[in-house]
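Novice: Please find one structure pasted underneath; my questions will follow.
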Amino acid sequence: MSMAVVGMIVGMALGFAGYFGGFGAFLLVAALGAIGFVVGRFLEGDLDVRDFFHTRDNRRDGRR
């Protein structure tokens with residue numbers, strides 16, 4: 001599935017949530033979608049939990 005189709009589906013889901021549930025539902029769907037995206041990237045192996053806990057000095061030196 002192309003990224004354009006995924007983007008369209010996400011946009012439609014957010015639109016339905018905003019129309020039928022109001023702004024609070026829109027924010028809830030957006031937040032849960034972002035969490036799902038991060039979890040999906042983690043499960044695919046594209047994201048490492050250690051990336052969130054590095055200090056700025058360690059990144060500049062190239063150490064992990």
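We label chains A, B, ... in the order they appear in the structure tokens, count residues from 1 in each chain, and number ligands from 1 in the order shown.
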Using the chain letters and numbers from this document, which residues of chain A does DSSP assign to helix (DSSP H, G or I), as a PyMOL selection string?
Specialist: chain A and resi 3-44+49-52+56-61
Novice: Please indicate the distance in Å from atom CA of Phe42 of chain A to atom CA of Phe23 of chain A, rounded to one decimal place.
Specialist: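 Answer for the atom CA of Phe42 of chain A to atom CA of Phe23 of chain A separation: 28.7 Å.
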Novice: With a distance cut-off of 10 Å and only C-alpha atoms, select the neighbouring residues of segment 24-30 of chain A, excluding the residue or stretch itself and same-chain residues fewer than 3 positions from it, and output the selection as a list in words.
Specialist: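 The residues that qualify are Val10, Gly11, Ala13, Leu14, Gly15, Phe16, Ala17, Gly18, Tyr19, Phe20, Gly21, Gly33, Ala34, Ile35 and Gly36 of chain A.
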Novice: Mind giving me the straight-line distance from atom CA of Ala31 of chain A to atom CA of Val6 of chain A in Å, one decimal?
Specialist: 16.5 Å
Novice: Just how far from atom CA of Ala4 of chain A is atom CA of Gly22 of chain A, in Å to one decimal?
Specialist: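 Answer for the atom CA of Gly22 of chain A to atom CA of Ala4 of chain A separation: 25.3 Å.
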